[in-house]
>>> print(open('query.cif').read())   # mmCIF, C-alpha atoms
data_final
loop_
_atom_site.label_atom_id
_atom_site.label_comp_id
_atom_site.auth_asym_id
_atom_site.auth_seq_id
_atom_site.Cartn_x
_atom_site.Cartn_y
_atom_site.Cartn_z
CA MET V 1 34.57 -28.23 -54.39
CA LYS V 2 33.71 -26.05 -57.37
CA ASN V 3 34.04 -22.98 -55.12
CA ASN V 4 37.52 -24.12 -54.08
CA HIS V 5 38.63 -24.34 -57.72
CA MET V 6 37.15 -20.91 -58.36
CA LYS V 7 39.02 -19.54 -55.34
CA GLU V 8 42.33 -20.94 -56.64
CA LEU V 9 41.69 -19.16 -59.93
CA THR V 10 40.58 -15.79 -58.61
CA LYS V 11 42.80 -15.33 -55.54
CA GLY V 12 45.66 -14.06 -57.70
CA PHE V 13 43.58 -11.29 -59.29
CA PHE V 14 43.36 -8.97 -56.24
CA GLU V 15 43.35 -10.82 -52.88
CA GLN V 16 46.86 -12.29 -53.37
CA ASN V 17 47.92 -10.18 -56.34
CA PRO V 18 51.58 -11.16 -56.91
CA VAL V 19 52.72 -7.56 -57.53
CA PHE V 20 50.63 -5.30 -55.27
CA VAL V 21 49.97 -7.68 -52.36
CA VAL V 22 52.71 -10.33 -52.31
CA ALA V 23 55.29 -7.97 -53.95
CA LEU V 24 56.92 -10.66 -56.12
CA GLY V 25 58.43 -10.28 -59.60
CA LEU V 26 58.98 -6.54 -59.20
CA CYS V 27 62.14 -6.39 -61.33
CA PRO V 28 60.39 -6.94 -64.71
CA VAL V 29 57.37 -4.92 -63.53
CA LEU V 30 59.55 -1.87 -62.92
CA GLY V 31 61.82 -2.54 -65.90
CA VAL V 32 59.47 -3.15 -68.81
CA SER V 33 56.42 -1.13 -67.82
CA THR V 34 57.48 1.73 -70.11
CA GLN V 35 54.94 0.72 -72.78
CA VAL V 36 51.65 -1.17 -72.69
CA SER V 37 52.85 -3.52 -75.49
CA ASN V 38 55.89 -4.50 -73.38
CA ALA V 39 53.61 -5.23 -70.42
CA ILE V 40 51.37 -7.46 -72.55
CA GLY V 41 54.42 -9.26 -74.01
CA MET V 42 55.90 -9.86 -70.55
CA THR V 43 52.51 -11.10 -69.30
CA ALA V 44 52.37 -13.60 -72.18
CA GLY V 45 55.87 -14.87 -71.30
CA VAL V 46 55.08 -15.18 -67.58
CA PHE V 47 51.72 -16.83 -68.35
CA PHE V 48 53.31 -19.53 -70.53
CA VAL V 49 56.19 -20.26 -68.15
CA LEU V 50 54.07 -20.16 -64.97
CA LEU V 51 51.30 -22.33 -66.41
CA PHE V 52 53.58 -25.07 -67.71
CA SER V 53 56.01 -24.96 -64.78
CA ASN V 54 53.11 -25.33 -62.33
CA ILE V 55 51.61 -28.20 -64.36
CA ILE V 56 54.93 -30.06 -64.77
CA ILE V 57 56.05 -29.55 -61.17
CA SER V 58 52.68 -30.61 -59.84
CA MET V 59 52.78 -33.77 -61.99
CA LEU V 60 56.29 -34.55 -60.73
CA ARG V 61 55.63 -33.63 -57.08
CA ASN V 62 55.71 -37.26 -55.94
CA VAL V 63 58.75 -38.11 -58.08
CA ILE V 64 61.14 -35.27 -57.12
CA PRO V 65 62.66 -35.84 -53.65
CA GLY V 66 62.72 -32.83 -51.32
CA SER V 67 66.52 -32.58 -51.22
CA ILE V 68 66.83 -32.01 -55.00
CA HIS V 69 63.61 -30.11 -55.62
CA ILE V 70 65.23 -26.69 -56.17
CA PRO V 71 67.67 -27.79 -58.95
CA ALA V 72 64.89 -29.86 -60.54
CA TYR V 73 62.50 -26.86 -60.54
CA ILE V 74 65.19 -24.55 -61.90
CA VAL V 75 65.93 -26.93 -64.82
CA VAL V 76 62.22 -27.12 -65.70
CA ILE V 77 61.68 -23.34 -65.38
CA ALA V 78 64.88 -22.43 -67.25
CA SER V 79 63.91 -24.78 -70.11
CA LEU V 80 60.43 -23.26 -70.35
CA VAL V 81 61.89 -19.74 -70.37
CA THR V 82 64.34 -20.71 -73.13
CA VAL V 83 61.49 -22.19 -75.18
CA THR V 84 59.49 -18.96 -74.69
CA GLU V 85 62.52 -16.90 -75.68
CA MET V 86 63.14 -18.90 -78.87
CA VAL V 87 59.46 -18.81 -79.89
CA MET V 88 59.19 -15.05 -79.28
CA HIS V 89 62.48 -14.41 -81.11
CA ALA V 90 61.20 -16.33 -84.13
CA PHE V 91 57.57 -15.27 -84.32
CA VAL V 92 57.21 -11.93 -82.48
CA PRO V 93 60.69 -10.35 -82.89
CA ALA V 94 59.42 -6.84 -82.05
CA VAL V 95 58.19 -7.99 -78.62
CA TYR V 96 61.35 -10.09 -78.14
CA ASN V 97 63.54 -7.05 -78.83
CA SER V 98 61.56 -4.72 -76.59
CA LEU V 99 61.64 -7.15 -73.63
CA GLY V 100 65.42 -7.50 -73.94
CA VAL V 101 67.19 -8.96 -70.93
CA TYR V 102 63.96 -9.17 -68.87
CA LEU V 103 62.75 -12.15 -70.91
CA PRO V 104 65.55 -14.57 -69.87
CA LEU V 105 65.29 -13.08 -66.38
CA ILE V 106 61.86 -14.76 -66.01
CA VAL V 107 63.98 -17.74 -64.85
CA VAL V 108 64.70 -15.93 -61.61
CA ASN V 109 61.28 -14.28 -61.33
CA CYS V 110 60.14 -14.98 -57.78
CA ILE V 111 56.52 -15.54 -58.90
CA ILE V 112 57.50 -18.64 -60.91
CA LEU V 113 59.70 -20.33 -58.29
CA GLY V 114 57.47 -19.06 -55.49
CA ARG V 115 54.32 -20.66 -56.93
CA ALA V 116 56.20 -23.87 -57.76
CA GLU V 117 57.50 -24.12 -54.19
CA ALA V 118 54.44 -22.85 -52.32
CA PHE V 119 51.62 -24.29 -54.41
CA ALA V 120 52.38 -26.64 -57.33
CA SER V 121 54.59 -28.96 -55.27
CA LYS V 122 51.73 -29.54 -52.80
CA ASN V 123 48.55 -29.49 -54.90
CA THR V 124 46.87 -31.30 -57.78
CA THR V 125 47.71 -30.53 -61.39
CA PHE V 126 44.30 -28.98 -62.03
CA ASP V 127 44.50 -26.66 -59.04
CA SER V 128 48.11 -25.77 -59.93
CA ALA V 129 47.02 -24.82 -63.46
CA LEU V 130 44.20 -22.66 -62.05
CA ASP V 131 46.64 -21.02 -59.62
CA ALA V 132 49.04 -20.27 -62.50
CA ILE V 133 46.26 -18.78 -64.64
CA GLY V 134 45.01 -16.62 -61.75
CA MET V 135 48.49 -15.44 -60.76
CA SER V 136 49.38 -14.65 -64.38
CA ILE V 137 46.19 -12.62 -64.81
CA GLY V 138 46.96 -10.78 -61.53
CA PHE V 139 50.52 -10.11 -62.72
CA GLY V 140 49.21 -8.99 -66.12
CA LEU V 141 46.64 -6.62 -64.60
CA ALA V 142 49.27 -5.06 -62.34
CA ILE V 143 52.02 -4.57 -64.96
CA THR V 144 49.54 -3.35 -67.60
CA LEU V 145 48.01 -0.84 -65.18
CA ILE V 146 51.46 0.51 -64.26
CA ALA V 147 52.49 0.63 -67.94
CA LEU V 148 49.24 2.36 -68.94
CA ILE V 149 49.69 5.09 -66.30
CA ARG V 150 53.40 5.56 -67.09
CA GLU V 151 52.95 5.68 -70.85
CA LEU V 152 49.79 7.80 -70.85
CA PHE V 153 51.07 10.45 -68.42
CA GLY V 154 54.79 10.13 -69.29
CA SER V 155 54.59 10.09 -73.11
CA GLY V 156 50.96 10.79 -74.04
CA THR V 157 50.73 7.58 -76.03
CA ILE V 158 49.38 4.05 -75.66
CA THR V 159 51.49 1.53 -77.57
CA LEU V 160 49.78 -1.68 -78.64
CA PHE V 161 50.72 -4.00 -81.52
CA PRO V 162 50.64 -2.92 -85.18
CA VAL V 163 47.82 -4.61 -87.12
CA GLY V 164 47.32 -3.95 -90.83
CA GLY V 165 47.25 -0.20 -91.39
CA PHE V 166 47.21 0.53 -87.63
CA SER V 167 50.72 1.49 -86.48
CA GLY V 168 50.06 0.28 -82.94
CA VAL V 169 50.57 3.70 -81.32
CA ILE V 170 47.56 5.69 -80.09
CA THR V 171 48.40 9.33 -79.41
CA ILE V 172 46.35 11.02 -76.70
CA PRO V 173 46.34 14.76 -77.64
CA TRP V 174 46.51 16.74 -74.36
CA PHE V 175 48.81 14.26 -72.62
CA TYR V 176 51.10 14.09 -75.68
CA GLU V 177 51.67 17.86 -75.56
CA ASN V 178 52.09 17.98 -71.74
CA PRO V 179 53.95 14.80 -70.72
CA VAL V 180 55.16 14.22 -67.15
CA ARG V 181 58.55 12.95 -68.32
CA VAL V 182 59.64 11.51 -64.97
CA LEU V 183 56.93 8.83 -65.23
CA ALA V 184 58.50 7.44 -68.40
CA LEU V 185 61.90 7.22 -66.68
CA ALA V 186 63.07 4.68 -64.09
CA PRO V 187 62.04 6.73 -60.99
CA GLY V 188 58.53 6.95 -62.48
CA ALA V 189 58.16 3.18 -62.22
CA LEU V 190 58.89 3.30 -58.48
CA LEU V 191 56.56 6.27 -57.95
CA VAL V 192 53.61 4.67 -59.77
CA MET V 193 54.25 1.30 -58.12
CA GLY V 194 54.40 2.93 -54.68
CA TYR V 195 51.18 4.91 -55.09
CA LEU V 196 49.30 1.91 -56.51
CA LYS V 197 50.53 -0.36 -53.70
CA ALA V 198 49.43 2.24 -51.14
CA PHE V 199 46.02 2.43 -52.85
CA PHE V 200 45.57 -1.36 -52.83
CA ASP V 201 46.71 -1.58 -49.20
CA TRP V 202 44.19 1.13 -48.27
CA LYS V 203 41.39 -0.68 -50.15
CA SER V 204 42.27 -3.95 -48.50
CA SER V 205 42.34 -2.36 -45.01
CA LEU V 206 38.87 -0.86 -45.68
CA LYS V 207 37.62 -4.30 -46.64
CA LYS V 208 39.00 -5.79 -43.43
CA GLY V 209 37.29 -2.98 -41.50
CA LYS V 210 40.49 -1.59 -39.98
CA MET G 1 75.15 -44.28 -52.17
CA LYS G 2 72.02 -45.87 -53.60
CA LYS G 3 70.01 -42.79 -52.60
CA ASN G 4 72.49 -40.45 -54.32
CA LEU G 5 72.40 -42.55 -57.48
CA LYS G 6 68.59 -42.36 -57.45
CA TYR G 7 68.73 -38.57 -57.11
CA ALA G 8 71.28 -38.34 -59.92
CA PHE G 9 69.09 -40.50 -62.15
CA ILE G 10 66.00 -38.35 -61.47
CA LEU G 11 67.88 -35.13 -62.25
CA LEU G 12 69.45 -36.71 -65.35
CA SER G 13 66.02 -37.80 -66.61
CA ILE G 14 64.55 -34.31 -66.10
CA CYS G 15 67.57 -32.75 -67.86
CA ALA G 16 67.28 -35.23 -70.76
CA VAL G 17 63.59 -34.46 -71.34
CA CYS G 18 64.27 -30.70 -71.12
CA ALA G 19 67.22 -30.99 -73.54
CA PHE G 20 65.02 -32.87 -76.03
CA ALA G 21 62.29 -30.21 -75.78
CA LEU G 22 64.84 -27.42 -76.26
CA GLY G 23 66.43 -29.18 -79.25
CA LEU G 24 63.03 -29.67 -80.87
CA THR G 25 62.06 -26.01 -80.33
CA ASN G 26 65.43 -24.86 -81.66
CA SER G 27 65.07 -26.95 -84.81
CA ILE G 28 61.73 -25.20 -85.50
CA THR G 29 62.68 -21.64 -84.56
CA ALA G 30 66.34 -21.37 -85.69
CA PRO G 31 65.60 -21.21 -89.47
CA VAL G 32 62.88 -18.58 -88.89
CA ILE G 33 65.23 -16.48 -86.70
CA ALA G 34 68.06 -16.76 -89.28
CA GLN G 35 65.71 -15.70 -92.11
CA THR G 36 64.42 -12.69 -90.11
CA GLU G 37 67.97 -11.61 -89.27
CA ARG G 38 69.01 -11.87 -92.95
CA GLU G 39 66.05 -9.72 -93.97
CA ASN G 40 66.79 -7.16 -91.24
CA GLU G 41 70.41 -6.99 -92.34
CA MET G 42 69.45 -6.46 -95.98
CA MET G 43 67.04 -3.69 -94.97
CA ALA G 44 69.71 -2.09 -92.77
CA LEU G 45 72.29 -2.22 -95.61
CA LYS G 46 69.82 -0.50 -97.91
CA ALA G 47 68.93 2.08 -95.25
CA VAL G 48 72.56 3.16 -94.72
CA SER G 49 73.67 2.92 -98.38
CA ASN G 50 73.12 6.66 -99.06
CA GLY G 51 71.41 5.75 -102.34
CA TRP G 52 74.55 4.17 -103.77
CA SER G 53 74.71 0.62 -105.17
CA VAL G 54 75.46 -2.05 -102.61
CA GLY G 55 78.21 -4.49 -103.69
CA GLU G 56 79.32 -7.94 -102.55
CA GLN G 57 79.96 -8.57 -98.86
CA ALA G 58 83.58 -9.42 -97.95
CA GLU G 59 84.31 -10.99 -94.55
CA THR G 60 87.26 -9.65 -92.57
CA GLN G 61 89.44 -11.57 -90.13
CA GLY G 62 91.32 -10.26 -87.11
CA VAL G 63 90.28 -6.61 -87.48
CA PRO G 64 89.00 -5.12 -84.19
CA PHE G 65 85.26 -4.22 -84.31
CA VAL G 66 84.93 -5.07 -88.05
CA ILE G 67 82.99 -8.15 -89.19
CA TYR G 68 82.65 -7.46 -92.93
CA THR G 69 82.74 -4.71 -95.52
CA VAL G 70 80.48 -3.98 -98.47
CA PRO G 71 81.64 -1.55 -101.18
CA LEU G 72 79.30 1.27 -102.23
CA THR G 73 79.45 2.38 -105.84
CA GLU G 74 77.84 4.99 -108.08
CA ASN G 75 78.16 4.63 -111.86
CA ASN G 76 80.78 1.89 -111.28
CA GLU G 77 82.87 4.32 -109.25
CA LYS G 78 83.63 3.42 -105.64
CA ARG G 79 82.06 5.97 -103.24
CA GLY G 80 82.46 4.37 -99.86
CA TYR G 81 81.87 1.29 -97.73
CA ILE G 82 79.27 -0.20 -95.47
CA VAL G 83 81.01 -1.88 -92.55
CA GLY G 84 79.46 -4.56 -90.35
CA LEU G 85 80.57 -3.79 -86.78
CA LYS G 86 80.46 -5.41 -83.38
CA GLY G 87 81.00 -4.00 -79.92
CA ALA G 88 80.72 -4.99 -76.27
CA GLY G 89 77.57 -3.38 -74.85
CA TYR G 90 76.15 -3.53 -71.32
CA GLY G 91 74.11 -6.67 -72.06
CA GLY G 92 76.74 -8.42 -74.19
CA GLU G 93 77.71 -8.21 -77.85
CA LEU G 94 75.93 -5.72 -80.06
CA THR G 95 76.11 -5.53 -83.85
CA LEU G 96 75.48 -2.61 -86.18
CA VAL G 97 76.13 -1.47 -89.72
CA ALA G 98 77.60 1.91 -90.66
CA SER G 99 78.35 3.50 -94.00
CA TYR G 100 81.46 5.61 -94.62
CA THR G 101 82.91 7.77 -97.34
CA LEU G 102 86.30 6.69 -98.69
CA GLU G 103 87.86 9.19 -96.25
CA GLY G 104 86.32 7.33 -93.30
CA GLU G 105 83.57 9.87 -92.57
CA MET G 106 80.50 8.13 -91.19
CA LEU G 107 77.31 8.72 -93.15
CA PHE G 108 74.62 6.54 -91.58
CA ALA G 109 74.47 3.80 -88.97
CA LYS G 110 71.84 1.36 -87.81
CA MET G 111 71.71 -1.03 -84.87
CA LEU G 112 71.15 -4.67 -85.81
CA THR G 113 71.23 -6.85 -82.70
CA ASN G 114 71.74 -6.06 -79.03
CA SER G 115 70.73 -7.15 -75.53
CA GLU G 116 70.79 -3.71 -73.97
CA THR G 117 68.49 -2.64 -71.15
CA PRO G 118 64.99 -1.48 -72.22
CA GLY G 119 64.55 2.24 -71.59
CA LEU G 120 68.33 2.81 -71.38
CA GLY G 121 70.73 1.16 -73.86
CA LYS G 122 67.79 0.08 -76.05
CA LYS G 123 67.37 3.75 -76.97
CA SER G 124 70.23 3.14 -79.41
CA GLU G 125 67.68 1.44 -81.70
CA GLN G 126 65.64 4.62 -81.98
CA GLU G 127 65.67 6.80 -85.04
CA GLY G 128 67.98 9.76 -84.54
CA TYR G 129 70.24 8.13 -81.92
CA MET G 130 73.06 7.58 -84.45
CA ASP G 131 72.91 11.24 -85.58
CA MET G 132 75.49 12.16 -82.92
CA PHE G 133 78.06 10.08 -84.85
CA LYS G 134 77.15 11.44 -88.31
CA GLY G 135 79.90 13.33 -90.11
CA THR G 136 82.60 12.11 -87.73
CA GLY G 137 85.58 9.86 -88.42
CA SER G 138 87.38 12.02 -90.96
CA VAL G 139 88.00 15.66 -89.98
CA LYS G 140 86.07 15.38 -86.70
CA ALA G 141 86.88 12.51 -84.30
CA VAL G 142 84.19 9.91 -83.54
CA PRO G 143 82.83 10.60 -80.03
CA THR G 144 83.75 7.72 -77.74
CA THR G 145 83.33 9.46 -74.38
CA LYS G 146 80.49 11.63 -73.07
CA ASP G 147 82.69 14.73 -72.79
CA MET G 148 83.10 14.69 -76.59
CA LEU G 149 79.33 15.26 -77.00
CA ASP G 150 77.34 18.47 -76.78
CA SER G 151 75.09 18.83 -73.72
CA SER G 152 71.85 17.60 -75.34
CA ASP G 153 73.50 14.46 -76.77
CA ALA G 154 75.29 13.83 -73.45
CA ALA G 155 71.91 14.03 -71.69
CA ALA G 156 70.42 11.61 -74.23
CA VAL G 157 73.02 8.92 -73.45
CA SER G 158 72.80 9.47 -69.70
CA GLY G 159 72.27 6.11 -67.99
CA SER G 160 73.53 4.17 -71.00
CA SER G 161 77.16 5.29 -71.24
CA VAL G 162 78.43 1.72 -71.78
CA THR G 163 76.19 1.29 -74.84
CA PHE G 164 77.18 4.70 -76.21
CA MET G 165 80.90 4.01 -75.77
CA ALA G 166 80.58 0.54 -77.35
CA ILE G 167 78.88 2.06 -80.40
CA GLY G 168 81.36 4.95 -80.56
CA LYS G 169 84.38 2.66 -80.40
CA ALA G 170 82.91 0.32 -83.04
CA ILE G 171 82.18 3.24 -85.40
CA ALA G 172 85.67 4.64 -84.81
CA GLY G 173 87.15 1.18 -85.54
CA GLY G 174 85.13 0.99 -88.76
CA SER G 175 86.30 4.44 -89.79
CA ASP G 176 89.96 3.50 -89.17
CA TYR G 177 89.52 0.33 -91.21
CA VAL G 178 87.93 2.19 -94.15
CA LYS G 179 90.83 4.66 -94.10
CA SER G 180 93.29 1.76 -94.07
CA LEU G 181 91.69 0.39 -97.27
CA GLY G 182 93.06 3.49 -98.99
CA GLY G 183 90.07 3.88 -101.29
CA SER G 184 90.52 7.65 -101.56
CA LYS G 185 94.01 7.38 -103.01
#
>>> encode(input="query.cif", output="structure tokens")
Amino acid sequence: MKNNHMKELTKGFFEQNPVFVVALGLCPVLGVSTQVSNAIGMTAGVFFVLLFSNIIISMLRNVIPGSIHIPAYIVVIASLVTVTEMVMHAFVPAVYNSLGVYLPLIVVNCIILGRAEAFASKNTTFDSALDAIGMSIGFGLAITLIALIRELFGSGTITLFPVGGFSGVITIPWFYENPVRVLALAPGALLVMGYLKAFFDWKSSLKKGK
Amino acid sequence: MKKNLKYAFILLSICAVCAFALGLTNSITAPVIAQTERENEMMALKAVSNGWSVGEQAETQGVPFVIYTVPLTENNEKRGYIVGLKGAGYGGELTLVASYTLEGEMLFAKMLTNSETPGLGKKSEQEGYMDMFKGTGSVKAVPTTKDMLDSSDAAAVSGSSVTFMAIGKAIAGGSDYVKSLGGSK
């Protein structure tokens, strides 16, 4: 039983990683992975929305009839996204501004509706919460890895959040002087995503012994 | 009929709970957002003031692109205006402030709010973006299309032409309005 719970939590990390394996939620991954701080901000937004939407939908799974489940899920998810947007706008305006239009677009992020439909509507609240945490961590690992590669090689910097005297930007000397500009631009997102997906597919085929 | 009423009631209940949660969140966050925006606006006014004294804000009605004007003075002598501007960007309305001489020449500009695309239109928030509009509006026309820019500036706005044109038109509108105030006469 304990192993089952553990499996629900960890399956999203690599085995069913929402970005590299299931290929869901690619729009924000490609759009905001220009800086590591954006990736962390987007992960926080997806984590909050996915966790609470999975919990609420799982709790209501016996109340919402099948024929109205999609509008009901959309209302819940859209409300959670709006709450996230208002809280970020008020308390972390820098992250809110950098995420721009991708923050409200979490409403139509396939990971959220996909997990609600495929998992939360059929499983217990506890398992749904574990699934949400695992999937969010998997999403966070993927988008942060892509952002780290794009920002390091494309700009020679790693942008985190300013704390006290720390400006939030770490400059990496050699990379800063010799940036591969295309990685910081839109095509760079597709290139990095493609190579990483190929790498994960190769690793997974090795594991399966193909 | 009974089934449909049941479905309607379930959806209504979910919507009611969501509306309450949104209202509660809004009541907590709205004052904080308003305060932050006021502070940002004050900082932006100071940043574009060219070192002159910032006067009282006067709202304008029915003037395209212009939201308000703020006179700039030095030793009680009027030197120019800061104009609050709005435009239609790619992601919706954007607002900015720009300072002008009495002849309508733009001195400095700063983006306030926008919903432009990160990596493209969002570049308009970066330091140096507004430099392409500096010194225009009086003798030199404000660039509102890419062919009015030199090659490096045109490359910089590549992929975000809608944002660039929205800003250009707003700055041009502000310049025209400052000229219409006739401060230089």
>>> closest_residue(input="query.cif", among="V:Arg115, V:Ser121, V:Lys11, V:Pro162", to="V:Pro65", atoms="all atoms listed in the file")
V:Ser121
>>> closest_residue(input="query.cif", among="G:Val142, G:Val63, G:Cys15, G:Val54", to="G:Met42", atoms="all atoms listed in the file")
G:Val54
>>> residues_around(input="query.cif", residues="G:Leu107", least_positions_apart="3", cutoff="6 Å", atoms="all atoms listed in the file", output="PyMOL selection string")
chain G and resi 99-100+134
>>> write_last_selection(input="query.cif", atoms="C-alpha atoms", output="short mmCIF file (atom, residue, chain, number, x, y, z; two decimals), in the frame of the given file")
data_model
loop_
_atom_site.label_atom_id
_atom_site.label_comp_id
_atom_site.auth_asym_id
_atom_site.auth_seq_id
_atom_site.Cartn_x
_atom_site.Cartn_y
_atom_site.Cartn_z
CA SER G 99 78.35 3.50 -94.00
CA TYR G 100 81.46 5.61 -94.62
CA LYS G 134 77.15 11.44 -88.31
#
>>> resolve_selection(input="query.cif", expression="the PyMOL selection byres ((chain V) within 9 of (chain G))", output="compact mmCIF listing (two decimals) with C-alpha atoms, keeping the file's coordinate frame")
# COMPACT_ATOMS: atom_id res chain seq x y z
CA GLY V 31 61.82 -2.54 -65.90
CA VAL V 32 59.47 -3.15 -68.81
CA THR V 34 57.48 1.73 -70.11
CA VAL V 63 58.75 -38.11 -58.08
CA ILE V 64 61.14 -35.27 -57.12
CA PRO V 65 62.66 -35.84 -53.65
CA SER V 67 66.52 -32.58 -51.22
CA ILE V 68 66.83 -32.01 -55.00
CA PRO V 71 67.67 -27.79 -58.95
CA ALA V 72 64.89 -29.86 -60.54
CA VAL V 75 65.93 -26.93 -64.82
CA VAL V 76 62.22 -27.12 -65.70
CA SER V 79 63.91 -24.78 -70.11
CA LEU V 80 60.43 -23.26 -70.35
CA THR V 82 64.34 -20.71 -73.13
CA VAL V 83 61.49 -22.19 -75.18
CA MET V 86 63.14 -18.90 -78.87
CA VAL V 87 59.46 -18.81 -79.89
CA HIS V 89 62.48 -14.41 -81.11
CA ALA V 90 61.20 -16.33 -84.13
CA PHE V 91 57.57 -15.27 -84.32
CA PRO V 93 60.69 -10.35 -82.89
CA ASN V 97 63.54 -7.05 -78.83
CA SER V 98 61.56 -4.72 -76.59
CA LEU V 99 61.64 -7.15 -73.63
CA GLY V 100 65.42 -7.50 -73.94
CA VAL V 101 67.19 -8.96 -70.93
CA TYR V 102 63.96 -9.17 -68.87
CA ALA V 184 58.50 7.44 -68.40
CA LEU V 185 61.90 7.22 -66.68
CA ALA V 186 63.07 4.68 -64.09
>>> resolve_selection(input="query.cif", expression="the PyMOL selection byres ((chain V and resi 55) around 10)", output="list in words")
Val49, Leu50, Leu51, Phe52, Ser53, Asn54, Ile56, Ile57, Ser58, Met59, Leu60, Arg61, Ala116, Ala120, Ser121, Thr124, Thr125, Phe126, Asp127, Ser128, Ala129, Leu130, Asp131 and Ala132 of chain V
>>> resolve_selection(input="query.cif", expression="the PyMOL selection byres ((chain G and resi 165) around 10)", output="VMD selection string")
chain G and resid 87 to 90 143 to 146 157 160 to 164 166 to 171
>>> atom_distance(input="query.cif", atom1="atom CA of V:Ala23", atom2="atom CA of V:Ile133")
17.7 Å
>>> closest_residue(input="query.cif", among="V:Phe14, V:Phe119, V:Phe139, V:Phe20", to="V:Met42", atoms="only C-alpha atoms")
V:Phe139
>>> decode(input="query.cif", residues="stretch 69-121 of chain V", atoms="C-alpha atoms", output="tab-separated table (two decimals), in the first residue's frame")
chain	number	residue	atom	x	y	z
V	69	HIS	CA	-17.58	17.10	-15.73
V	70	ILE	CA	-15.62	19.18	-18.27
V	71	PRO	CA	-17.36	22.54	-17.53
V	72	ALA	CA	-17.17	21.79	-13.80
V	73	TYR	CA	-13.41	21.07	-14.01
V	74	ILE	CA	-12.80	24.17	-16.12
V	75	VAL	CA	-14.60	26.40	-13.57
V	76	VAL	CA	-12.50	24.96	-10.72
V	77	ILE	CA	-9.21	25.19	-12.66
V	78	ALA	CA	-9.93	28.69	-14.01
V	79	SER	CA	-10.74	29.92	-10.48
V	80	LEU	CA	-7.52	28.45	-9.09
V	81	VAL	CA	-5.49	30.04	-11.90
V	82	THR	CA	-7.13	33.42	-11.24
V	83	VAL	CA	-6.35	33.12	-7.52
V	84	THR	CA	-2.71	32.27	-8.39
V	85	GLU	CA	-2.56	35.22	-10.78
V	86	MET	CA	-3.93	37.68	-8.20
V	87	VAL	CA	-1.61	36.42	-5.45
V	88	MET	CA	1.47	36.57	-7.72
V	89	HIS	CA	0.48	40.04	-8.99
V	90	ALA	CA	0.21	41.30	-5.42
V	91	PHE	CA	3.14	39.61	-3.71
V	92	VAL	CA	5.69	38.65	-6.40
V	93	PRO	CA	5.09	41.29	-9.13
V	94	ALA	CA	8.47	40.64	-10.79
V	95	VAL	CA	7.60	36.97	-11.40
V	96	TYR	CA	4.04	37.94	-12.41
V	97	ASN	CA	5.40	40.39	-15.01
V	98	SER	CA	7.97	37.96	-16.39
V	99	LEU	CA	5.42	35.14	-16.81
V	100	GLY	CA	3.07	37.47	-18.72
V	101	VAL	CA	0.33	35.78	-20.72
V	102	TYR	CA	1.60	32.26	-19.84
V	103	LEU	CA	0.25	32.56	-16.29
V	104	PRO	CA	-3.47	32.82	-17.24
V	105	LEU	CA	-2.77	30.21	-19.92
V	106	ILE	CA	-2.28	27.61	-17.14
V	107	VAL	CA	-6.08	27.26	-17.44
V	108	VAL	CA	-5.63	25.47	-20.75
V	109	ASN	CA	-2.43	23.66	-19.77
V	110	CYS	CA	-3.02	20.04	-20.74
V	111	ILE	CA	-1.23	18.76	-17.61
V	112	ILE	CA	-3.91	20.25	-15.33
V	113	LEU	CA	-7.00	19.07	-17.23
V	114	GLY	CA	-5.24	15.84	-18.21
V	115	ARG	CA	-4.49	14.86	-14.59
V	116	ALA	CA	-7.99	15.90	-13.48
V	117	GLU	CA	-9.58	13.75	-16.18
V	118	ALA	CA	-7.19	10.79	-16.12
V	119	PHE	CA	-6.38	10.55	-12.42
V	120	ALA	CA	-8.16	12.80	-9.90
V	121	SER	CA	-11.66	11.93	-11.14
